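All remarks here apply to the structure that follows.
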Amino acid sequence: MKECLDDIRTELQTLKDCIGRLSEQIDRLERQMEEAEKHPAPASMPETSASETPALSPRRIDRVNVQTSAGFRHELSLNDSFRFTRELFEGDAARLGRMLDALDEVETLEGAIDLFKSEVPLPEENEAVAEFMEILRKHFNAK
């Protein structure tokens, strides 16, 4: 029963974090729209077609750039959290939560990779492992 409650608390925290990131993204987009309305583009600027506009990948849209002091948990989108829970932590959200908390205590990328590999003994060729490792690299390179 306690494990179930811990899982629910972890999932609730993940949802709260996601809502916070989405609120920040909405605020940023609203500020950008206000600026665009204040300073419209000159009429002489050439229009670009939809095919010329670079598309943003869903992963890029999901992840909001948050300061590293917010913790490693904020590096994961809601989709990432659910996927990594399912594919890397055998459906155990509390276990992922403990890993994320432990990663906040690690000072170096090498230490984070060692910690992750000790908890998730899957090959780096695994797509989910590779993506988690890439998020780790980005997080520690931004510090």
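Letters A, B, ... mark the chains of the structure tokens in the order given; residue numbers begin at 1 per chain; ligand numbers begin at 1, in order shown.
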*For Asp104 of chain A, work out the shell of residues within 9 Å, counting only C-alpha atoms and skipping chain neighbours fewer than 3 positions away, then give it as a VMD selection string.*
chain A and resid 71 to 73 99 to 101 107 112
*Would you mind listing what lies within 12 Å of Cys4 of chain A as a PyMOL selection string, with only C-alpha atoms counted and same-chain residues fewer than 2 positions away left out?*
chain A and resi 1-2+6-11+91-95
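Residue nearest Ile135 of chain A within the list A:Asp27, A:Pro123, A:Glu75, A:Gln13: A:Glu75 [criterion: smallest interatomic distance, only C-alpha atoms].
Residues in contact range of Met133 of chain A, defined as at most 10 Å between only C-alpha atoms, with sequence neighbours fewer than 6 positions away removed, read Leu109, Ala112, Ile113, Phe116, Lys117, Glu124, Glu127 and His139 of chain A.
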